[in-house]
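**Q** Data: data.pdb, PDB, C-alpha atoms and all ligand atoms.
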```
ATOM      1  CA  MET A 648       0.000   0.000   0.000
ATOM      2  CA  SER A 649       1.334   3.433  -0.847
ATOM      3  CA  LYS A 650       2.406   5.765   1.936
ATOM      4  CA  THR A 651       0.544   9.004   2.561
ATOM      5  CA  ALA A 652       2.360  12.334   2.386
ATOM      6  CA  ILE A 653       1.141  15.802   3.339
ATOM      7  CA  VAL A 654       2.776  18.744   1.586
ATOM      8  CA  THR A 655       1.856  22.098   3.110
ATOM      9  CA  GLY A 656       1.528  24.899   0.609
ATOM     10  CA  GLY A 657       1.433  22.002  -1.804
ATOM     11  CA  SER A 658      -0.636  23.361  -4.661
ATOM     12  CA  ARG A 659       1.639  26.153  -5.901
ATOM     13  CA  GLY A 660       5.310  26.930  -6.432
ATOM     14  CA  ILE A 661       7.901  24.658  -4.854
ATOM     15  CA  GLY A 662       5.151  22.812  -2.962
ATOM     16  CA  ALA A 663       3.343  21.860  -6.171
ATOM     17  CA  ALA A 664       6.558  20.419  -7.610
ATOM     18  CA  ILE A 665       7.090  18.457  -4.386
ATOM     19  CA  SER A 666       3.514  17.115  -4.438
ATOM     20  CA  ILE A 667       3.917  15.975  -8.044
ATOM     21  CA  ALA A 668       7.346  14.418  -7.447
ATOM     22  CA  LEU A 669       6.068  12.485  -4.423
ATOM     23  CA  LYS A 670       3.047  11.292  -6.405
ATOM     24  CA  ASN A 671       5.344  10.154  -9.205
ATOM     25  CA  ALA A 672       7.442   8.298  -6.605
ATOM     26  CA  GLY A 673       4.357   6.330  -5.533
ATOM     27  CA  TYR A 674       3.016   8.278  -2.541
ATOM     28  CA  THR A 675      -0.605   9.191  -1.963
ATOM     29  CA  VAL A 676      -0.342  12.956  -1.629
ATOM     30  CA  ALA A 677      -2.502  15.453   0.240
ATOM     31  CA  ALA A 678      -1.623  18.970  -0.871
ATOM     32  CA  ASN A 679      -2.551  21.477   1.807
ATOM     33  CA  TYR A 680      -3.212  25.109   0.919
ATOM     34  CA  ALA A 681      -4.395  28.133   2.882
ATOM     35  CA  GLY A 682      -6.178  30.528   0.582
ATOM     36  CA  ASN A 683      -6.076  30.241  -3.197
ATOM     37  CA  ASP A 684      -9.094  28.035  -4.019
ATOM     38  CA  GLU A 685      -8.779  28.646  -7.745
ATOM     39  CA  ALA A 686      -5.139  27.519  -7.903
ATOM     40  CA  ALA A 687      -5.959  24.471  -5.775
ATOM     41  CA  ALA A 688      -8.847  23.404  -8.014
ATOM     42  CA  LYS A 689      -6.686  23.858 -11.110
ATOM     43  CA  PHE A 690      -3.867  21.861  -9.492
ATOM     44  CA  THR A 691      -6.206  18.955  -8.677
ATOM     45  CA  ALA A 692      -7.698  19.011 -12.171
ATOM     46  CA  GLU A 693      -4.237  18.882 -13.745
ATOM     47  CA  THR A 694      -2.561  16.383 -11.432
ATOM     48  CA  GLY A 695      -5.281  14.318  -9.746
ATOM     49  CA  ILE A 696      -3.718  15.261  -6.382
ATOM     50  CA  ARG A 697      -6.291  16.102  -3.731
ATOM     51  CA  THR A 698      -6.088  19.432  -1.956
ATOM     52  CA  PHE A 699      -7.082  20.222   1.633
ATOM     53  CA  LYS A 700      -7.604  23.742   2.912
ATOM     54  CA  TRP A 701      -6.374  24.960   6.274
ATOM     55  CA  SER A 702      -3.921  27.494   7.683
ATOM     56  CA  VAL A 703      -0.743  25.992   9.133
ATOM     57  CA  ALA A 704      -0.621  28.995  11.483
ATOM     58  CA  ASP A 705      -3.756  27.682  13.268
ATOM     59  CA  TYR A 706      -3.044  24.689  15.524
ATOM     60  CA  GLU A 707      -6.655  23.526  15.792
ATOM     61  CA  ALA A 708      -7.052  23.718  12.018
ATOM     62  CA  CYS A 709      -3.883  21.620  11.572
ATOM     63  CA  ALA A 710      -5.189  18.982  13.997
ATOM     64  CA  ALA A 711      -8.520  18.810  12.156
ATOM     65  CA  GLY A 712      -6.794  18.797   8.753
ATOM     66  CA  VAL A 713      -4.452  15.947   9.666
ATOM     67  CA  LYS A 714      -7.402  13.988  11.067
ATOM     68  CA  GLN A 715      -9.331  14.460   7.818
ATOM     69  CA  VAL A 716      -6.378  13.442   5.643
ATOM     70  CA  GLU A 717      -5.765  10.347   7.762
ATOM     71  CA  ALA A 718      -9.441   9.346   7.627
ATOM     72  CA  GLU A 719      -9.575   9.748   3.852
ATOM     73  CA  LEU A 720      -6.086   8.767   2.683
ATOM     74  CA  GLY A 721      -4.463   6.813   5.522
ATOM     75  CA  PRO A 722      -1.866   7.473   8.230
ATOM     76  CA  VAL A 723       0.656  10.179   7.438
ATOM     77  CA  ALA A 724       4.136   8.751   6.822
ATOM     78  CA  VAL A 725       5.678  11.858   5.246
ATOM     79  CA  LEU A 726       5.210  15.509   6.167
ATOM     80  CA  VAL A 727       6.760  18.236   4.058
ATOM     81  CA  ASN A 728       6.534  21.615   5.777
ATOM     82  CA  ASN A 729       6.748  23.851   2.757
ATOM     83  CA  ALA A 730       4.106  26.542   3.391
ATOM     84  CA  GLY A 731       5.725  29.929   3.702
ATOM     85  CA  ILE A 732       5.091  33.618   3.205
ATOM     86  CA  THR A 733       7.157  36.772   2.911
ATOM     87  CA  ARG A 734       6.448  40.223   4.309
ATOM     88  CA  ASP A 735       9.708  41.870   3.285
ATOM     89  CA  ALA A 736      10.647  45.288   4.635
ATOM     90  CA  MET A 737      13.810  46.921   5.888
ATOM     91  CA  PHE A 738      13.792  46.564   9.659
ATOM     92  CA  HIS A 739      13.211  50.243  10.384
ATOM     93  CA  LYS A 740       9.985  49.963   8.384
ATOM     94  CA  MET A 741       8.934  46.457   9.498
ATOM     95  CA  THR A 742       5.724  46.387  11.533
ATOM     96  CA  PRO A 743       4.972  44.022  14.413
ATOM     97  CA  ALA A 744       2.215  42.545  12.211
ATOM     98  CA  GLN A 745       4.752  41.752   9.449
ATOM     99  CA  TRP A 746       6.979  40.052  12.011
ATOM    100  CA  LYS A 747       4.136  38.052  13.546
ATOM    101  CA  GLU A 748       2.550  36.861  10.308
ATOM    102  CA  VAL A 749       5.835  35.439   9.060
ATOM    103  CA  ILE A 750       6.755  33.788  12.368
ATOM    104  CA  ASP A 751       3.234  32.343  12.750
ATOM    105  CA  THR A 752       3.283  30.701   9.314
ATOM    106  CA  ASN A 753       6.940  29.917   8.637
ATOM    107  CA  LEU A 754       8.005  28.806  12.117
ATOM    108  CA  THR A 755       4.969  28.116  14.322
ATOM    109  CA  GLY A 756       3.303  26.464  11.310
ATOM    110  CA  VAL A 757       6.143  23.942  11.236
ATOM    111  CA  PHE A 758       5.663  23.226  14.943
ATOM    112  CA  ASN A 759       1.899  22.910  14.481
ATOM    113  CA  MET A 760       2.072  20.397  11.659
ATOM    114  CA  ALA A 761       4.913  18.324  13.091
ATOM    115  CA  HIS A 762       3.141  18.180  16.451
ATOM    116  CA  CYS A 763      -0.079  16.941  14.865
ATOM    117  CA  VAL A 764       1.596  14.008  13.054
ATOM    118  CA  TRP A 765       4.267  13.211  15.650
ATOM    119  CA  ASN A 766       2.456  10.782  17.950
ATOM    120  CA  GLY A 767       1.117   8.783  15.007
ATOM    121  CA  MET A 768       4.612   8.497  13.528
ATOM    122  CA  ARG A 769       5.989   7.449  16.939
ATOM    123  CA  ASP A 770       3.307   4.790  17.343
ATOM    124  CA  ARG A 771       3.984   3.394  13.855
ATOM    125  CA  LYS A 772       7.766   3.654  14.318
ATOM    126  CA  PHE A 773       8.162   5.391  10.975
ATOM    127  CA  GLY A 774       8.129   8.969   9.793
ATOM    128  CA  ARG A 775       9.792  11.394   7.435
ATOM    129  CA  ILE A 776       9.576  15.115   8.109
ATOM    130  CA  VAL A 777      11.210  17.499   5.643
ATOM    131  CA  ASN A 778      11.207  21.178   6.524
ATOM    132  CA  ILE A 779      11.731  23.681   3.731
ATOM    133  CA  SER A 780      13.967  26.426   5.078
ATOM    134  CA  SER A 781      15.833  28.912   2.886
ATOM    135  CA  VAL A 782      19.276  30.191   2.007
ATOM    136  CA  ASN A 783      18.104  33.345   3.765
ATOM    137  CA  GLY A 784      17.678  31.407   7.011
ATOM    138  CA  GLN A 785      21.283  30.261   6.641
ATOM    139  CA  LYS A 786      22.951  33.543   5.665
ATOM    140  CA  GLY A 787      20.417  36.229   6.643
ATOM    141  CA  GLN A 788      18.962  38.698   4.134
ATOM    142  CA  ALA A 789      18.521  42.442   4.411
ATOM    143  CA  GLY A 790      14.811  43.203   4.215
ATOM    144  CA  GLN A 791      13.911  39.847   5.727
ATOM    145  CA  ALA A 792      14.611  39.953   9.476
ATOM    146  CA  ASN A 793      11.288  38.172  10.021
ATOM    147  CA  TYR A 794      11.753  35.553   7.306
ATOM    148  CA  SER A 795      15.425  34.898   8.075
ATOM    149  CA  ALA A 796      14.589  34.437  11.775
ATOM    150  CA  ALA A 797      11.790  31.984  11.033
ATOM    151  CA  LYS A 798      13.783  30.001   8.489
ATOM    152  CA  ALA A 799      16.824  29.811  10.794
ATOM    153  CA  GLY A 800      14.420  28.697  13.528
ATOM    154  CA  ASP A 801      13.222  25.888  11.281
ATOM    155  CA  ILE A 802      16.780  24.562  11.122
ATOM    156  CA  GLY A 803      17.203  24.585  14.926
ATOM    157  CA  PHE A 804      13.804  22.971  15.339
ATOM    158  CA  THR A 805      14.796  20.239  12.877
ATOM    159  CA  ARG A 806      18.042  19.473  14.683
ATOM    160  CA  ALA A 807      16.303  19.141  18.049
ATOM    161  CA  LEU A 808      13.459  17.028  16.718
ATOM    162  CA  ALA A 809      15.806  14.769  14.746
ATOM    163  CA  GLN A 810      17.352  13.682  18.029
ATOM    164  CA  GLU A 811      13.954  12.966  19.573
ATOM    165  CA  GLY A 812      12.644  11.057  16.557
ATOM    166  CA  ALA A 813      15.723   8.953  15.870
ATOM    167  CA  ARG A 814      14.819   5.987  18.039
ATOM    168  CA  ALA A 815      11.249   5.992  16.797
ATOM    169  CA  GLY A 816      12.257   5.651  13.148
ATOM    170  CA  ILE A 817      11.412   9.263  12.385
ATOM    171  CA  THR A 818      13.874  11.364  10.423
ATOM    172  CA  VAL A 819      13.676  15.146  10.386
ATOM    173  CA  ASN A 820      15.666  17.072   7.796
ATOM    174  CA  VAL A 821      15.864  20.436   6.080
ATOM    175  CA  VAL A 822      16.034  21.377   2.451
ATOM    176  CA  ALA A 823      17.241  24.965   2.115
ATOM    177  CA  PRO A 824      16.388  26.372  -1.308
ATOM    178  CA  GLY A 825      18.023  29.400  -2.789
ATOM    179  CA  TYR A 826      16.130  31.738  -5.117
ATOM    180  CA  ILE A 827      13.680  29.615  -7.124
ATOM    181  CA  GLY A 828      11.532  30.873  -9.998
ATOM    182  CA  THR A 829       8.194  30.954  -8.164
ATOM    183  CA  ASP A 830       5.564  33.657  -7.611
ATOM    184  CA  MET A 831       7.268  34.527  -4.290
ATOM    185  CA  VAL A 832      10.571  35.373  -5.951
ATOM    186  CA  LYS A 833       8.935  36.938  -9.008
ATOM    187  CA  ALA A 834       7.194  39.344  -6.599
ATOM    188  CA  ILE A 835      10.577  40.936  -5.841
ATOM    189  CA  ASP A 836      11.136  44.193  -7.704
ATOM    190  CA  GLU A 837      12.636  43.230 -11.084
ATOM    191  CA  LYS A 838      15.528  45.648 -10.694
ATOM    192  CA  VAL A 839      16.396  44.235  -7.248
ATOM    193  CA  LEU A 840      16.190  40.680  -8.610
ATOM    194  CA  ASN A 841      18.292  41.301 -11.710
ATOM    195  CA  GLU A 842      20.845  43.716 -10.267
ATOM    196  CA  ARG A 843      21.303  42.548  -6.685
ATOM    197  CA  ILE A 844      20.194  38.923  -6.408
ATOM    198  CA  ILE A 845      20.878  36.946  -9.581
ATOM    199  CA  PRO A 846      24.502  38.240  -9.787
ATOM    200  CA  GLN A 847      25.064  36.552  -6.398
ATOM    201  CA  ILE A 848      24.092  33.118  -7.742
ATOM    202  CA  PRO A 849      27.133  31.399  -9.287
ATOM    203  CA  VAL A 850      25.068  29.221 -11.642
ATOM    204  CA  GLY A 851      23.681  32.495 -13.004
ATOM    205  CA  ARG A 852      19.981  31.721 -12.874
ATOM    206  CA  LEU A 853      17.046  31.074 -10.559
ATOM    207  CA  GLY A 854      16.455  27.466  -9.545
ATOM    208  CA  GLU A 855      13.530  25.378 -10.750
ATOM    209  CA  PRO A 856      10.937  24.037  -8.263
ATOM    210  CA  GLU A 857      11.709  20.513  -9.489
ATOM    211  CA  GLU A 858      15.315  20.971  -8.384
ATOM    212  CA  ILE A 859      14.046  21.283  -4.806
ATOM    213  CA  ALA A 860      11.501  18.477  -5.131
ATOM    214  CA  ARG A 861      14.197  15.983  -6.057
ATOM    215  CA  ALA A 862      15.984  16.570  -2.728
ATOM    216  CA  VAL A 863      12.715  16.109  -0.817
ATOM    217  CA  VAL A 864      11.942  12.795  -2.516
ATOM    218  CA  PHE A 865      15.454  11.630  -1.640
ATOM    219  CA  LEU A 866      14.979  12.437   2.058
ATOM    220  CA  ALA A 867      11.470  10.942   2.176
ATOM    221  CA  ALA A 868      12.580   7.543   0.931
ATOM    222  CA  ASP A 869      12.417   4.433   3.105
ATOM    223  CA  ASP A 870      16.158   3.889   2.676
ATOM    224  CA  ALA A 871      17.047   7.430   3.865
ATOM    225  CA  GLY A 872      16.694   6.315   7.495
ATOM    226  CA  PHE A 873      20.275   7.122   8.479
ATOM    227  CA  ILE A 874      20.024  10.730   7.280
ATOM    228  CA  THR A 875      18.538  12.900   9.998
ATOM    229  CA  GLY A 876      19.098  16.406  11.313
ATOM    230  CA  SER A 877      20.791  17.343   8.068
ATOM    231  CA  THR A 878      20.382  20.328   5.793
ATOM    232  CA  ILE A 879      20.582  19.938   2.036
ATOM    233  CA  SER A 880      21.311  23.282   0.408
ATOM    234  CA  ALA A 881      20.049  23.736  -3.148
ATOM    235  CA  ASN A 882      20.976  27.300  -3.996
ATOM    236  CA  GLY A 883      23.084  27.338  -7.160
ATOM    237  CA  GLY A 884      26.260  27.894  -5.133
ATOM    238  CA  GLN A 885      25.046  31.147  -3.552
ATOM    239  CA  PHE A 886      25.992  30.110  -0.027
ATOM    240  CA  PHE A 887      27.822  27.177   1.547
ATOM    241  CA  SER A 888      27.200  26.187   5.152
TER     242      SER A 888
HETATM  243  N1  LIG B   1      22.212  45.293   2.358
HETATM  244  C1  LIG B   1      22.268  46.509   2.923
HETATM  245  N2  LIG B   1      21.456  47.509   2.591
HETATM  246  C2  LIG B   1      20.553  47.279   1.644
HETATM  247  C3  LIG B   1      20.413  46.024   1.022
HETATM  248  C4  LIG B   1      21.308  45.027   1.410
HETATM  249  N3  LIG B   1      21.277  43.806   0.835
HETATM  250  N4  LIG B   1      19.412  46.086   0.153
HETATM  251  C5  LIG B   1      18.932  47.352   0.215
HETATM  252  N5  LIG B   1      19.641  48.063   1.104
HETATM  253  C6  LIG B   1      19.478  49.474   1.420
HETATM  254  C7  LIG B   1      19.365  50.275   0.142
HETATM  255  O1  LIG B   1      20.633  50.599  -0.364
HETATM  256  C8  LIG B   1      18.632  51.502   0.626
HETATM  257  O2  LIG B   1      19.509  52.375   1.304
HETATM  258  P1  LIG B   1      19.354  53.963   1.147
HETATM  259  O3  LIG B   1      17.949  54.295   1.617
HETATM  260  O4  LIG B   1      20.430  54.505   2.017
HETATM  261  O5  LIG B   1      19.533  54.251  -0.326
HETATM  262  C9  LIG B   1      17.686  50.948   1.696
HETATM  263  O6  LIG B   1      18.261  49.695   2.101
HETATM  264  C10 LIG B   1      16.320  50.713   1.168
HETATM  265  O7  LIG B   1      16.371  49.833   0.007
HETATM  266  P2  LIG B   1      15.179  49.750  -1.025
HETATM  267  O8  LIG B   1      15.097  50.991  -1.856
HETATM  268  O9  LIG B   1      15.257  48.452  -1.756
HETATM  269  O10 LIG B   1      13.943  49.792   0.012
HETATM  270  P3  LIG B   1      12.482  49.451  -0.205
HETATM  271  O11 LIG B   1      11.809  49.820   1.065
HETATM  272  O12 LIG B   1      11.958  49.973  -1.503
HETATM  273  O13 LIG B   1      12.502  47.843  -0.380
HETATM  274  C11 LIG B   1      12.820  45.581   0.208
HETATM  275  C12 LIG B   1      12.957  47.029   0.650
HETATM  276  C13 LIG B   1      11.349  45.265  -0.085
HETATM  277  C14 LIG B   1      13.301  44.715   1.346
HETATM  278  C15 LIG B   1      13.664  45.376  -1.083
HETATM  279  O14 LIG B   1      14.977  45.823  -0.856
HETATM  280  C16 LIG B   1      13.716  43.934  -1.523
HETATM  281  O15 LIG B   1      12.779  43.400  -2.078
HETATM  282  N6  LIG B   1      14.856  43.284  -1.244
HETATM  283  C17 LIG B   1      15.011  41.852  -1.547
HETATM  284  C18 LIG B   1      14.674  41.055  -0.342
HETATM  285  C19 LIG B   1      14.767  39.595  -0.686
HETATM  286  O16 LIG B   1      15.793  39.095  -1.135
HETATM  287  N7  LIG B   1      13.670  38.870  -0.484
HETATM  288  C20 LIG B   1      13.617  37.482  -0.832
HETATM  289  C21 LIG B   1      12.212  37.147  -1.224
HETATM  290  S1  LIG B   1      12.128  35.528  -1.985
HETATM  291  C22 LIG B   1      12.284  34.507  -0.701
HETATM  292  O17 LIG B   1      12.259  34.845   0.433
HETATM  293  C23 LIG B   1      12.456  33.066  -1.062
HETATM  294  C24 LIG B   1      13.697  32.532  -0.478
HETATM  295  O18 LIG B   1      13.630  31.773   0.474
HETATM  296  C25 LIG B   1      14.979  32.879  -1.109
END
```
For the structure just supplied, provide its representation as structure tokens.
**A**
Amino acid sequence: MSKTAIVTGGSRGIGAAISIALKNAGYTVAANYAGNDEAAAKFTAETGIRTFKWSVADYEACAAGVKQVEAELGPVAVLVNNAGITRDAMFHKMTPAQWKEVIDTNLTGVFNMAHCVWNGMRDRKFGRIVNISSVNGQKGQAGQANYSAAKAGDIGFTRALAQEGARAGITVNVVAPGYIGTDMVKAIDEKVLNERIIPQIPVGRLGEPEEIARAVVFLAADDAGFITGSTISANGGQFFS
């Protein structure tokens, strides 16, 4: 029987590529999304992957969402915490609301989802959690004090949880993408992107969502059980850690 995977933010951008790659690798995939009903419906129509709507920032909604997925698709063996938002601003202009929204989704959302699948994974003695961080969590980025803090937090969270999950057959790892050609990156001012960001990427281009998905499928595999607490960087050589 195929294993069930939840991909948060799984109907668009990097998440959509991860959902598709996991489906192609034989998983039954539940693609979570928070807001864009139209994109979710289109994604399901094109891929046959079911979508489930809840906000990862809301613990009760995560608990209900995981329960629904498990009832309809089976116990969750793989969780990919991909959902993320940006509220970029230089720090002197950043509002408390911009800080809170990013922390609630990009960091607390990872806690919420992992917490809701954790006991089931422990009971079944198997689990794969892959947290999507960012090069900007590794190196920091001007204009992203909120995002960099959350994404760095995801790495610390992963390293702690990897130690707790190890004896229960649960691995917890990070994939840290660089700048990938998604709506999030395309929202950056074109001048900033072309003049300040792309010149810092040695391969000379944005990454493709599929180039992140391939690392996630690798970490989700049954025979990846000895890899835990690690961070795979996929950033075109922009930063080495
Ligand atoms: N380091 C230091 N100072 C910088 C800087 C940097 N990297 N970038 C800009 N500044 C300075 C500018 O020189 C400018 O200084 P002066 O006022 O003295 O001239 C000041 O900061 C303001 O810069 P902007 O004119 O750009 O300010 P803004 O308010 O119009 O825009 C911003 C601010 C929205 C943060 C914009 O700079 C921006 O979009 N930067 C890119 C941020 C970024 O990389 N975001 C990643 C989004 S994609 C993502 O997050 C996915 C992922 O995981 C990689």
**Q** Measuring atom to atom with all atoms listed in the file, identify which of A:Asn793, A:Gln885, A:Ser649, A:Ser666 is nearest to Lys740 in chain A.
**A**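 Smallest separation from Lys740 in chain A among the options: A:Asn793.
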**Q** To check your reading of the model: which residues sit at most 10 Å from ligand LIG 1 (chain B) when counting only C-alpha atoms and all ligand atoms? Write the answer as a ChimeraX atom specification.
**A** /A:731-741,779-785,787-792,794-795,798,823-840,843-844,853,882
**Q** Give the answer as one residue: which of A:Phe758, A:Phe886, A:Trp765, A:Phe873 has the shortest atom-to-atom distance to Ala704 in chain A, using only C-alpha atoms?
**A**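 Among the listed residues, A:Phe758 lies closest to Ala704 in chain A.
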**Q** Listed atoms of range 854-863 of chain A, axis-aligned box, 3 Å per side: centre and edge lengths to one decimal in Å, as lines of an AutoDock Vina configuration file?
**A**
```
center_x = 13.7
center_y = 21.7
center_z = -5.8
size_x = 11.5
size_y = 17.5
size_z = 15.9
```
**Q** Apply the PyMOL selection byres (((chain A and resi 858) around 10) and not hetatm) to the file shown and report the selected residues as a ChimeraX atom specification.
**A** /A:661,664-665,824,827,854-857,859-863,881-882
**Q** Between A:Gln715, A:Thr805, A:Asn728, A:Thr675, which residue has the minimum interatomic distance to Ile817 in chain A, considering only C-alpha atoms?
**A** A:Thr805
**Q** Closest to Tyr674 in chain A among A:Thr875, A:Thr651, A:Ser658, A:Thr694, using all atoms listed in the file?
**A** A:Thr651
**Q** Quick one: pull the distance between CA of Ile848 in chain A and CA of Ala799 in chain A, Å, one decimal.
**A**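 Here the two named atoms are 20.2 Å from each other.
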**Q** Looking at only C-alpha atoms, which of A:Val727, A:Val703, A:Leu720, A:Ala708 is the one that sits closest to Thr755 in chain A?
**A**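 Nearest candidate to Thr755 in chain A out of A:Val727, A:Val703, A:Leu720, A:Ala708: A:Val703.
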**Q** Can you pull out the residues contacting range 676-688 of chain A? Cut-off 8 Å, using all atoms listed in the file, and skip same-chain residues under 5 positions away; I want them as a VMD selection string.
**A** chain A and resid 651 to 659 663 666 669 to 670 696 to 703 716 720 730
**Q** Within 6 Å of (18.8, 20.3, 2.9) (file coordinates; only C-alpha atoms), which protein or nucleic acid residues are there? I'd like them as an NGL selection string.
**A** :A and (821-823 or 878-880)
